[in-house]
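For reference, model_27.pdb (PDB, C-alpha atoms, pLDDT in the B column):
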MODEL        1
ATOM      1  CA  MET F   1       6.573   8.272 -57.984  1.00 66.00           C
ATOM      2  CA  LYS F   2       4.861  10.477 -55.433  1.00 81.00           C
ATOM      3  CA  ALA F   3       4.774  14.209 -56.182  1.00 82.00           C
ATOM      4  CA  VAL F   4       6.791  16.513 -53.956  1.00 91.00           C
ATOM      5  CA  ARG F   5       4.521  18.920 -52.076  1.00 90.00           C
ATOM      6  CA  ILE F   6       5.727  22.503 -52.433  1.00 92.00           C
ATOM      7  CA  PHE F   7       4.158  25.455 -50.660  1.00 93.00           C
ATOM      8  CA  PHE F   8       3.979  28.495 -52.926  1.00 95.00           C
ATOM      9  CA  ASP F   9       4.407  31.808 -51.128  1.00 94.00           C
ATOM     10  CA  THR F  10       2.677  34.933 -52.421  1.00 96.00           C
ATOM     11  CA  ASN F  11       5.958  36.329 -53.768  1.00 95.00           C
ATOM     12  CA  VAL F  12       6.392  33.343 -56.078  1.00 96.00           C
ATOM     13  CA  LEU F  13       2.820  33.687 -57.320  1.00 97.00           C
ATOM     14  CA  VAL F  14       3.302  37.398 -58.028  1.00 95.00           C
ATOM     15  CA  TYR F  15       6.624  36.830 -59.810  1.00 94.00           C
ATOM     16  CA  ALA F  16       5.001  34.159 -61.975  1.00 95.00           C
ATOM     17  CA  HIS F  17       2.493  36.691 -63.291  1.00 93.00           C
ATOM     18  CA  ASP F  18       4.649  39.833 -63.331  1.00 91.00           C
ATOM     19  CA  GLU F  19       6.633  39.581 -66.548  1.00 89.00           C
ATOM     20  CA  SER F  20       8.817  42.538 -65.576  1.00 88.00           C
ATOM     21  CA  SER F  21      10.117  40.707 -62.488  1.00 89.00           C
ATOM     22  CA  SER F  22      13.670  39.384 -62.628  1.00 92.00           C
ATOM     23  CA  PHE F  23      12.275  36.162 -61.060  1.00 95.00           C
ATOM     24  CA  HIS F  24       9.433  35.760 -63.565  1.00 95.00           C
ATOM     25  CA  VAL F  25      10.874  32.911 -65.635  1.00 97.00           C
ATOM     26  CA  GLU F  26      11.797  30.740 -62.653  1.00 97.00           C
ATOM     27  CA  ALA F  27       8.501  31.342 -60.821  1.00 96.00           C
ATOM     28  CA  ALA F  28       6.379  30.797 -63.943  1.00 96.00           C
ATOM     29  CA  THR F  29       8.262  27.566 -64.665  1.00 95.00           C
ATOM     30  CA  LEU F  30       7.480  26.230 -61.170  1.00 93.00           C
ATOM     31  CA  ILE F  31       3.808  27.087 -61.580  1.00 94.00           C
ATOM     32  CA  ASP F  32       3.747  25.410 -65.007  1.00 93.00           C
ATOM     33  CA  ILE F  33       5.330  22.242 -63.606  1.00 92.00           C
ATOM     34  CA  ALA F  34       2.742  22.135 -60.813  1.00 91.00           C
ATOM     35  CA  LEU F  35      -0.065  22.585 -63.353  1.00 91.00           C
ATOM     36  CA  GLU F  36       1.119  20.249 -66.097  1.00 88.00           C
ATOM     37  CA  GLU F  37       3.217  17.514 -64.531  1.00 78.00           C
ATOM     38  CA  ASN F  38       2.931  15.182 -61.570  1.00 78.00           C
ATOM     39  CA  GLU F  39       6.356  15.989 -60.118  1.00 85.00           C
ATOM     40  CA  ILE F  40       5.132  18.844 -57.910  1.00 88.00           C
ATOM     41  CA  GLN F  41       1.946  19.094 -55.871  1.00 91.00           C
ATOM     42  CA  GLY F  42       1.460  22.822 -55.438  1.00 93.00           C
ATOM     43  CA  VAL F  43       0.115  23.918 -52.067  1.00 93.00           C
ATOM     44  CA  ILE F  44      -1.307  27.398 -51.505  1.00 94.00           C
ATOM     45  CA  ALA F  45      -2.859  28.975 -48.437  1.00 93.00           C
ATOM     46  CA  GLU F  46      -6.124  30.835 -48.778  1.00 93.00           C
ATOM     47  CA  GLN F  47      -4.355  33.980 -47.522  1.00 93.00           C
ATOM     48  CA  ASN F  48      -1.866  33.786 -50.398  1.00 95.00           C
ATOM     49  CA  LEU F  49      -4.668  34.008 -52.947  1.00 96.00           C
ATOM     50  CA  ILE F  50      -6.155  37.025 -51.196  1.00 95.00           C
ATOM     51  CA  GLU F  51      -2.737  38.709 -51.176  1.00 96.00           C
ATOM     52  CA  LEU F  52      -2.162  37.777 -54.829  1.00 96.00           C
ATOM     53  CA  TYR F  53      -5.450  39.392 -55.837  1.00 97.00           C
ATOM     54  CA  ARG F  54      -4.605  42.560 -53.900  1.00 96.00           C
ATOM     55  CA  ILE F  55      -1.158  42.851 -55.471  1.00 95.00           C
ATOM     56  CA  LEU F  56      -2.145  42.002 -59.057  1.00 95.00           C
ATOM     57  CA  THR F  57      -4.827  44.700 -59.051  1.00 95.00           C
ATOM     58  CA  ASN F  58      -2.746  47.412 -57.354  1.00 95.00           C
ATOM     59  CA  SER F  59      -1.067  49.907 -59.709  1.00 89.00           C
ATOM     60  CA  THR F  60       1.311  51.175 -57.017  1.00 89.00           C
ATOM     61  CA  VAL F  61       2.613  47.682 -56.229  1.00 85.00           C
ATOM     62  CA  MET F  62       2.797  46.028 -59.646  1.00 84.00           C
ATOM     63  CA  THR F  63       5.898  46.815 -61.663  1.00 79.00           C
ATOM     64  CA  SER F  64       4.065  45.889 -64.851  1.00 81.00           C
ATOM     65  CA  GLU F  65       0.491  46.742 -65.839  1.00 88.00           C
ATOM     66  CA  PRO F  66      -1.935  45.750 -63.049  1.00 92.00           C
ATOM     67  CA  LEU F  67      -4.845  43.455 -63.823  1.00 94.00           C
ATOM     68  CA  THR F  68      -8.456  44.518 -63.579  1.00 95.00           C
ATOM     69  CA  PRO F  69     -10.392  42.923 -60.722  1.00 96.00           C
ATOM     70  CA  THR F  70     -12.150  40.639 -63.214  1.00 97.00           C
ATOM     71  CA  GLU F  71      -8.868  39.601 -64.854  1.00 97.00           C
ATOM     72  CA  ALA F  72      -7.301  38.822 -61.473  1.00 97.00           C
ATOM     73  CA  LYS F  73     -10.369  36.838 -60.361  1.00 97.00           C
ATOM     74  CA  ASN F  74     -10.352  34.820 -63.583  1.00 97.00           C
ATOM     75  CA  LEU F  75      -6.609  34.149 -63.378  1.00 96.00           C
ATOM     76  CA  ILE F  76      -6.904  32.921 -59.791  1.00 97.00           C
ATOM     77  CA  ASN F  77      -9.959  30.770 -60.547  1.00 97.00           C
ATOM     78  CA  GLU F  78      -8.467  29.215 -63.682  1.00 95.00           C
ATOM     79  CA  THR F  79      -4.953  28.698 -62.340  1.00 95.00           C
ATOM     80  CA  TYR F  80      -5.098  28.143 -58.601  1.00 95.00           C
ATOM     81  CA  LEU F  81      -8.677  27.033 -57.946  1.00 95.00           C
ATOM     82  CA  SER F  82      -8.838  24.605 -60.867  1.00 92.00           C
ATOM     83  CA  GLY F  83      -8.090  21.593 -58.667  1.00 92.00           C
ATOM     84  CA  LYS F  84      -4.414  21.283 -59.567  1.00 92.00           C
ATOM     85  CA  PHE F  85      -3.252  23.075 -56.409  1.00 94.00           C
ATOM     86  CA  GLU F  86      -4.038  21.992 -52.875  1.00 92.00           C
ATOM     87  CA  LEU F  87      -5.668  24.863 -51.031  1.00 93.00           C
ATOM     88  CA  ILE F  88      -5.095  24.979 -47.285  1.00 90.00           C
ATOM     89  CA  TYR F  89      -6.843  27.035 -44.650  1.00 89.00           C
ATOM     90  CA  PRO F  90      -5.270  28.242 -41.413  1.00 84.00           C
ATOM     91  CA  THR F  91      -6.222  26.475 -38.219  1.00 87.00           C
ATOM     92  CA  LYS F  92      -4.849  26.594 -34.705  1.00 88.00           C
ATOM     93  CA  LEU F  93      -2.841  23.452 -35.476  1.00 86.00           C
ATOM     94  CA  THR F  94      -1.388  25.089 -38.613  1.00 73.00           C
ATOM     95  CA  LEU F  95      -0.345  28.151 -36.629  1.00 74.00           C
ATOM     96  CA  ASN F  96       1.214  26.018 -33.893  1.00 80.00           C
ATOM     97  CA  LYS F  97       3.232  24.038 -36.453  1.00 70.00           C
ATOM     98  CA  THR F  98       4.373  27.284 -38.077  1.00 67.00           C
ATOM     99  CA  PHE F  99       5.466  28.878 -34.815  1.00 77.00           C
TER     100      PHE F  99
ENDMDL
END
Here is the file; what I need is its structure written in the form of structure tokens.
Amino acid sequence: MKAVRIFFDTNVLVYAHDESSSFHVEAATLIDIALEENEIQGVIAEQNLIELYRILTNSTVMTSEPLTPTEAKNLINETYLSGKFELIYPTKLTLNKTF
């Protein structure tokens, strides 16, 4: 069975790591499935990881305790840059398909 490709928006990534979010359980479950099973191929844009870092380290945005820059970097490297998620980069073709 071929894995379903799912694009993870920044909001889902933030909810997965913000335990005080009302969407935390659902978002974290999706991330776990993408990491541990072959049912979902997680897809993330480079921009989403930059936004995730900015949000996770920002005390005015996070509803729970923000991460230190090192903690956020490690989380992103270990979770999203480990090879389990497909990382995509914007191109003119990507933008044209989006629009």
Counting only C-alpha atoms, which residues in stretch 27-48 of chain F sit no more than 9 Å from stretch 81-97 of chain F? For each one, give the nearest pair of atoms and the distance in Å, sorted by chain then residue number, as a Markdown table.
| residue | atom | partner | partner_atom | distance |
| --- | --- | --- | --- | --- |
| F:Ala34 | CA | F:Lys84 | CA | 7.3 |
| F:Leu35 | CA | F:Lys84 | CA | 5.9 |
| F:Glu36 | CA | F:Lys84 | CA | 8.6 |
| F:Gln41 | CA | F:Phe85 | CA | 6.6 |
| F:Gly42 | CA | F:Phe85 | CA | 4.8 |
| F:Val43 | CA | F:Glu86 | CA | 4.6 |
| F:Ile44 | CA | F:Leu87 | CA | 5.1 |
| F:Ala45 | CA | F:Ile88 | CA | 4.7 |
| F:Glu46 | CA | F:Tyr89 | CA | 5.7 |
| F:Gln47 | CA | F:Tyr89 | CA | 7.9 |
For this structure, which residues satisfy the selection - the PyMOL selection byres ((chain F and resi 9) around 10) - when it is evaluated on the file as given? I want them as JSON, numbers by chain. {"F": [6, 7, 8, 10, 11, 12, 13, 14, 43, 44, 45, 47, 48, 49, 51, 52]}
Between atom CA of F:Ile55 and atom CA of F:Asn38, what is the distance in Å, rounded to a tenth? 28.6 Å
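Note that atom CA of F:Ala3 and atom CA of F:Ser21 are 27.8 Å apart.
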Record the distance separating atom CA of F:Ala27 and atom CA of F:Ser59, expressed in Å with one decimal.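 Computing it gives 20.9 Å between the two atoms.
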